[in-house]
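Right, one structure below, let's go through it.
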Amino acid sequence: MTHQVHAFEPPERFVAGTVGAPGERTFFLQARGGGRLVSVALEKVQVSLLAEKLEELLSEAQRRFGVELPEAPVAVGDNDPLDNPVDEEFRVGTLGLAFDVDSATVVIEAIAAGESEVEVELGDDDEDDEADEDEEPDEDLDRLRVRLTPEATREFIERARRVVNAGRPPCPLCGQPLDPAGHLCPRHNGYHR
């Protein structure tokens, strides 16, 4: 089966966003450009870690390569909802980050979650094992590749943090998310809070 690489170098718009009510949200990365719109689903923790690691990547690029970095945006940037239709191309399993020194851009690659089933073979066929070790596990998976300037990366980071923090407020006692009707707090021995 062939895989697709959705490349946006650079995109007109690249954002993290959600669909659904807090507590039931589905998180997406969405890229638009050249008349194309690609949305890939991922977990909230992946969005949070992506923003954190992008910040670290920019700092490292400045330290090692002397890249001029813009300050974090003071004004609220792109706060528009995701573009419609939000059709999930695939669910992200792996995120990759790189800094291209030649073009001074950040490359983000979201790779589809692969089949995690492990095949168990009985027998002593060592020849097959050696052939399987040479194959890259991710080379036949769909992927979204985006190339951003440091300025666009900063804007993405700020929006991603706003999206992650826009969910349910945490319980002041246990830190778990509070539903509008409350929750069973372990710090209160399971009493409804």
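By convention here, the chains of the structure tokens are called A, B, ... in the order presented, each chain's residues are numbered starting at 1, and ligands are numbered starting at 1 in the order presented.
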
(message) For A:Ile157, find every residue with an atom within 8 Å (counting only C-alpha atoms), except residues of its own chain fewer than 3 positions away, and show them as a ChimeraX atom specification.
(response) /A:51-52,54-55,153-154,160-161

(message) Give me, as JSON, numbers by chain, all polymer residues having an atom no more than 6 Å from stretch 8-19 of chain A, counting only C-alpha atoms and skipping those fewer than 6 positions away in the same chain.
(response) {"A": [25, 26, 27, 28, 29, 30, 31, 32, 33, 146, 147, 148, 156, 160]}

Take the residues from that selection and put them in a file with all heavy atoms, as a tab-separated table (two decimals), in the first residue's frame.
chain	number	residue	atom	x	y	z
A	25	ARG	N	-13.22	16.84	23.79
A	25	ARG	CA	-12.58	17.46	22.63
A	25	ARG	C	-11.70	16.47	21.88
A	25	ARG	O	-11.08	15.60	22.47
A	25	ARG	CB	-11.70	18.65	23.04
A	25	ARG	CG	-12.47	19.76	23.70
A	25	ARG	CD	-11.62	20.98	23.97
A	25	ARG	NE	-10.52	20.69	24.90
A	25	ARG	CZ	-9.55	21.54	25.18
A	25	ARG	NH1	-9.52	22.72	24.60
A	25	ARG	NH2	-8.60	21.22	26.04
A	26	THR	N	-11.66	16.65	20.57
A	26	THR	CA	-10.71	15.95	19.71
A	26	THR	C	-9.73	16.99	19.22
A	26	THR	O	-10.13	18.04	18.72
A	26	THR	CB	-11.42	15.29	18.52
A	26	THR	OG1	-12.41	14.38	19.02
A	26	THR	CG2	-10.43	14.53	17.65
A	27	PHE	N	-8.45	16.73	19.38
A	27	PHE	CA	-7.41	17.68	19.00
A	27	PHE	C	-6.93	17.39	17.58
A	27	PHE	O	-6.79	16.23	17.19
A	27	PHE	CB	-6.23	17.59	19.98
A	27	PHE	CG	-6.54	18.21	21.31
A	27	PHE	CD1	-7.31	17.54	22.25
A	27	PHE	CD2	-6.08	19.48	21.62
A	27	PHE	CE1	-7.61	18.11	23.46
A	27	PHE	CE2	-6.38	20.06	22.84
A	27	PHE	CZ	-7.15	19.37	23.76
A	28	PHE	N	-6.64	18.48	16.85
A	28	PHE	CA	-6.19	18.36	15.47
A	28	PHE	C	-5.02	19.30	15.21
A	28	PHE	O	-4.91	20.37	15.82
A	28	PHE	CB	-7.31	18.77	14.49
A	28	PHE	CG	-8.45	17.79	14.41
A	28	PHE	CD1	-9.58	17.96	15.19
A	28	PHE	CD2	-8.38	16.71	13.54
A	28	PHE	CE1	-10.63	17.07	15.12
A	28	PHE	CE2	-9.43	15.81	13.46
A	28	PHE	CZ	-10.56	16.00	14.24
A	29	LEU	N	-4.16	18.90	14.28
A	29	LEU	CA	-3.24	19.80	13.61
A	29	LEU	C	-3.83	20.00	12.24
A	29	LEU	O	-4.24	19.03	11.59
A	29	LEU	CB	-1.84	19.20	13.48
A	29	LEU	CG	-1.06	18.95	14.75
A	29	LEU	CD1	0.29	18.31	14.42
A	29	LEU	CD2	-0.85	20.24	15.53
A	30	GLN	N	-3.88	21.25	11.78
A	30	GLN	CA	-4.48	21.53	10.48
A	30	GLN	C	-3.57	22.43	9.67
A	30	GLN	O	-3.11	23.46	10.16
A	30	GLN	CB	-5.85	22.18	10.65
A	30	GLN	CG	-6.63	22.31	9.36
A	30	GLN	CD	-8.00	22.89	9.59
A	30	GLN	OE1	-8.13	24.07	9.90
A	30	GLN	NE2	-9.03	22.07	9.46
A	31	ALA	N	-3.31	22.01	8.43
A	31	ALA	CA	-2.48	22.79	7.51
A	31	ALA	C	-3.31	23.13	6.28
A	31	ALA	O	-4.05	22.29	5.77
A	31	ALA	CB	-1.24	22.01	7.12
A	32	ARG	N	-3.14	24.38	5.81
A	32	ARG	CA	-3.85	24.84	4.62
A	32	ARG	C	-2.85	25.51	3.70
A	32	ARG	O	-2.00	26.29	4.16
A	32	ARG	CB	-4.96	25.81	5.01
A	32	ARG	CG	-5.72	26.35	3.80
A	32	ARG	CD	-6.74	27.37	4.20
A	32	ARG	NE	-6.04	28.58	4.66
A	32	ARG	CZ	-6.53	29.44	5.52
A	32	ARG	NH1	-7.69	29.25	6.07
A	32	ARG	NH2	-5.84	30.51	5.85
A	33	GLY	N	-2.98	25.25	2.42
A	33	GLY	CA	-2.11	25.91	1.45
A	33	GLY	C	-2.27	25.28	0.08
A	33	GLY	O	-2.54	24.09	-0.05
A	146	VAL	N	5.39	19.95	7.52
A	146	VAL	CA	5.19	21.39	7.46
A	146	VAL	C	6.52	22.07	7.73
A	146	VAL	O	7.26	21.68	8.62
A	146	VAL	CB	4.14	21.84	8.52
A	146	VAL	CG1	3.94	23.33	8.49
A	146	VAL	CG2	2.83	21.14	8.29
A	147	ARG	N	6.81	23.11	6.96
A	147	ARG	CA	8.03	23.91	7.14
A	147	ARG	C	7.60	25.32	7.53
A	147	ARG	O	6.86	25.97	6.80
A	147	ARG	CB	8.83	23.92	5.84
A	147	ARG	CG	10.17	24.58	5.94
A	147	ARG	CD	10.93	24.45	4.62
A	147	ARG	NE	11.21	23.08	4.29
A	147	ARG	CZ	12.34	22.44	4.61
A	147	ARG	NH1	13.28	23.09	5.28
A	147	ARG	NH2	12.54	21.20	4.25
A	148	LEU	N	8.07	25.78	8.71
A	148	LEU	CA	7.66	27.08	9.25
A	148	LEU	C	8.87	27.97	9.52
A	148	LEU	O	9.94	27.49	9.90
A	148	LEU	CB	6.92	26.89	10.58
A	148	LEU	CG	5.65	26.06	10.59
A	148	LEU	CD1	5.18	25.86	12.02
A	148	LEU	CD2	4.58	26.72	9.76
A	156	PHE	N	2.51	29.46	16.29
A	156	PHE	CA	1.94	28.13	16.49
A	156	PHE	C	2.03	27.72	17.96
A	156	PHE	O	1.08	27.20	18.53
A	156	PHE	CB	2.64	27.09	15.61
A	156	PHE	CG	2.15	25.69	15.88
A	156	PHE	CD1	1.01	25.21	15.28
A	156	PHE	CD2	2.83	24.87	16.78
A	156	PHE	CE1	0.54	23.93	15.56
A	156	PHE	CE2	2.37	23.59	17.07
A	156	PHE	CZ	1.22	23.13	16.45
A	160	ALA	N	-1.12	26.84	20.33
A	160	ALA	CA	-1.20	25.48	20.87
A	160	ALA	C	-1.36	25.53	22.39
A	160	ALA	O	-2.17	24.78	22.96
A	160	ALA	CB	0.03	24.68	20.48

(request) From the DSSP assignment of the backbone, select every residue of chain A that is alpha helix (DSSP H), and format the answer as a PyMOL selection string. (result) chain A and resi 44-65+126-134+150-165

Output C-alpha atoms for every residue in the selection just made, as a short mmCIF file (atom, residue, chain, number, x, y, z; two decimals), in the first residue's frame.
data_model
loop_
_atom_site.label_atom_id
_atom_site.label_comp_id
_atom_site.auth_asym_id
_atom_site.auth_seq_id
_atom_site.Cartn_x
_atom_site.Cartn_y
_atom_site.Cartn_z
CA LYS A 44 -3.92 16.65 23.96
CA VAL A 45 -0.61 15.63 25.50
CA GLN A 46 0.96 15.47 22.02
CA VAL A 47 -0.10 19.07 21.33
CA SER A 48 1.30 20.19 24.67
CA LEU A 49 4.60 18.37 24.14
CA LEU A 50 4.87 19.67 20.57
CA ALA A 51 4.63 23.26 21.81
CA GLU A 52 7.20 22.59 24.54
CA LYS A 53 9.67 20.85 22.22
CA LEU A 54 9.30 23.53 19.53
CA GLU A 55 10.25 26.14 22.11
CA GLU A 56 13.32 24.07 23.04
CA LEU A 57 14.21 23.61 19.35
CA LEU A 58 14.10 27.36 18.71
CA SER A 59 16.27 28.05 21.76
CA GLU A 60 18.79 25.42 20.66
CA ALA A 61 18.86 26.81 17.10
CA GLN A 62 19.59 30.26 18.49
CA ARG A 63 22.32 28.94 20.77
CA ARG A 64 24.04 26.67 18.24
CA PHE A 65 23.49 28.48 14.94
CA ASP A 126 16.56 -16.71 10.82
CA GLU A 127 16.66 -15.50 7.20
CA ASP A 128 13.26 -13.81 7.51
CA ASP A 129 14.27 -12.07 10.74
CA GLU A 130 17.29 -10.46 9.09
CA ALA A 131 15.22 -9.16 6.18
CA ASP A 132 12.65 -7.61 8.55
CA GLU A 133 15.31 -5.73 10.53
CA ASP A 134 16.40 -3.77 7.43
CA PRO A 150 10.71 30.97 13.39
CA GLU A 151 8.00 33.68 13.53
CA ALA A 152 5.29 31.26 12.39
CA THR A 153 6.62 28.67 14.84
CA ARG A 154 6.26 31.13 17.75
CA GLU A 155 2.67 31.87 16.68
CA PHE A 156 1.94 28.13 16.49
CA ILE A 157 3.39 27.59 19.99
CA GLU A 158 1.27 30.36 21.51
CA ARG A 159 -1.94 29.11 19.90
CA ALA A 160 -1.20 25.48 20.87
CA ARG A 161 -0.76 26.53 24.50
CA ARG A 162 -4.03 28.49 24.45
CA VAL A 163 -5.88 25.50 22.96
CA VAL A 164 -4.50 23.08 25.56
CA ASN A 165 -5.29 25.46 28.45
#

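Picture a line from atom CA of A:Gln4 to atom CA of A:Val38; it runs 11.6 Å.
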
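Contact shell of A:Pro180 at 12 Å (only C-alpha atoms; same-chain neighbours under 3 positions omitted): Ala21, Pro22, Gly23, Gly167, Arg168, Pro169, Pro170, Cys171, Pro177, His183 and Arg193 of chain A.
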
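For the pair atom CA of A:Phe90 and atom CA of A:Ile108, the interatomic distance is 15.8 Å.
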
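One distance worth recording is that between atom CA of A:Val86 and atom CA of A:Ala98, which is 26.7 Å.
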
(request) Using DSSP on the backbone coordinates, identify the residues of stretch 10-95 of chain A assigned to strand (DSSP E); present them as a PyMOL selection string. (result) chain A and resi 13-19+26-33+36-42+88-95

Any chance you can output those residues with N, CA and C atoms as a short mmCIF file (atom, residue, chain, number, x, y, z; two decimals), in the first residue's frame?
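Wrote it out as out-v7.cif, contents follow:
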data_model
loop_
_atom_site.label_atom_id
_atom_site.label_comp_id
_atom_site.auth_asym_id
_atom_site.auth_seq_id
_atom_site.Cartn_x
_atom_site.Cartn_y
_atom_site.Cartn_z
N ARG A 13 -1.57 28.50 6.44
CA ARG A 13 -2.00 28.46 7.85
C ARG A 13 -1.67 27.09 8.42
N PHE A 14 -1.10 27.07 9.62
CA PHE A 14 -0.84 25.82 10.34
C PHE A 14 -1.17 26.06 11.80
N VAL A 15 -2.18 25.34 12.30
CA VAL A 15 -2.65 25.58 13.66
C VAL A 15 -3.00 24.27 14.36
N ALA A 16 -3.05 24.35 15.68
CA ALA A 16 -3.62 23.30 16.51
C ALA A 16 -5.01 23.78 16.92
N GLY A 17 -5.96 22.88 16.93
CA GLY A 17 -7.32 23.26 17.30
C GLY A 17 -8.09 22.05 17.79
N THR A 18 -9.33 22.30 18.21
CA THR A 18 -10.16 21.22 18.74
C THR A 18 -11.56 21.27 18.14
N VAL A 19 -12.22 20.14 18.25
CA VAL A 19 -13.62 20.02 17.90
C VAL A 19 -14.29 19.33 19.08
N THR A 26 -11.66 16.65 20.57
CA THR A 26 -10.71 15.95 19.71
C THR A 26 -9.73 16.99 19.22
N PHE A 27 -8.45 16.73 19.38
CA PHE A 27 -7.41 17.68 19.00
C PHE A 27 -6.93 17.39 17.58
N PHE A 28 -6.64 18.48 16.85
CA PHE A 28 -6.19 18.36 15.47
C PHE A 28 -5.02 19.30 15.21
N LEU A 29 -4.16 18.90 14.28
CA LEU A 29 -3.24 19.80 13.61
C LEU A 29 -3.83 20.00 12.24
N GLN A 30 -3.88 21.25 11.78
CA GLN A 30 -4.48 21.53 10.48
C GLN A 30 -3.57 22.43 9.67
N ALA A 31 -3.31 22.01 8.43
CA ALA A 31 -2.48 22.79 7.51
C ALA A 31 -3.31 23.13 6.28
N ARG A 32 -3.14 24.38 5.81
CA ARG A 32 -3.85 24.84 4.62
C ARG A 32 -2.85 25.51 3.70
N GLY A 33 -2.98 25.25 2.42
CA GLY A 33 -2.11 25.91 1.45
C GLY A 33 -2.27 25.28 0.08
N ARG A 36 -5.31 23.16 -0.71
CA ARG A 36 -5.47 21.91 0.03
C ARG A 36 -5.70 22.21 1.50
N LEU A 37 -6.42 21.32 2.16
CA LEU A 37 -6.66 21.41 3.60
C LEU A 37 -6.47 20.00 4.18
N VAL A 38 -5.55 19.87 5.13
CA VAL A 38 -5.27 18.57 5.74
C VAL A 38 -5.39 18.71 7.25
N SER A 39 -6.18 17.82 7.84
CA SER A 39 -6.36 17.78 9.30
C SER A 39 -5.98 16.40 9.80
N VAL A 40 -5.14 16.36 10.83
CA VAL A 40 -4.74 15.09 11.44
C VAL A 40 -5.06 15.15 12.93
N ALA A 41 -5.58 14.05 13.46
CA ALA A 41 -5.99 13.98 14.86
C ALA A 41 -4.81 13.54 15.72
N LEU A 42 -4.78 14.05 16.95
CA LEU A 42 -3.76 13.66 17.90
C LEU A 42 -4.28 13.86 19.31
N GLU A 88 -10.56 14.01 9.29
CA GLU A 88 -9.34 13.41 9.80
C GLU A 88 -8.67 12.56 8.73
N GLU A 89 -7.47 12.94 8.31
CA GLU A 89 -6.70 12.16 7.34
C GLU A 89 -6.14 10.91 8.00
N PHE A 90 -5.61 11.07 9.21
CA PHE A 90 -5.08 9.96 9.99
C PHE A 90 -4.88 10.41 11.42
N ARG A 91 -4.61 9.45 12.30
CA ARG A 91 -4.30 9.74 13.71
C ARG A 91 -2.79 9.70 13.85
N VAL A 92 -2.23 10.73 14.48
CA VAL A 92 -0.79 10.86 14.63
C VAL A 92 -0.28 9.89 15.68
N GLY A 93 0.78 9.17 15.31
CA GLY A 93 1.44 8.28 16.24
C GLY A 93 2.78 8.84 16.69
N THR A 94 3.49 9.48 15.76
CA THR A 94 4.83 10.00 16.03
C THR A 94 4.95 11.42 15.50
N LEU A 95 5.62 12.27 16.27
CA LEU A 95 5.91 13.63 15.84
C LEU A 95 7.42 13.77 15.72
#

(request) Find, counting only C-alpha atoms, the residue in A:Ile111, A:Leu69, A:Ala104, A:Ala166 that gets nearest to A:Arg145. (result) A:Ile111

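Of the residues under consideration (A:Pro172, A:Ala112, A:Glu68, A:Cys185), A:Ala112 shows the shortest atom-to-atom contact distance to A:Glu139 when counting only C-alpha atoms.
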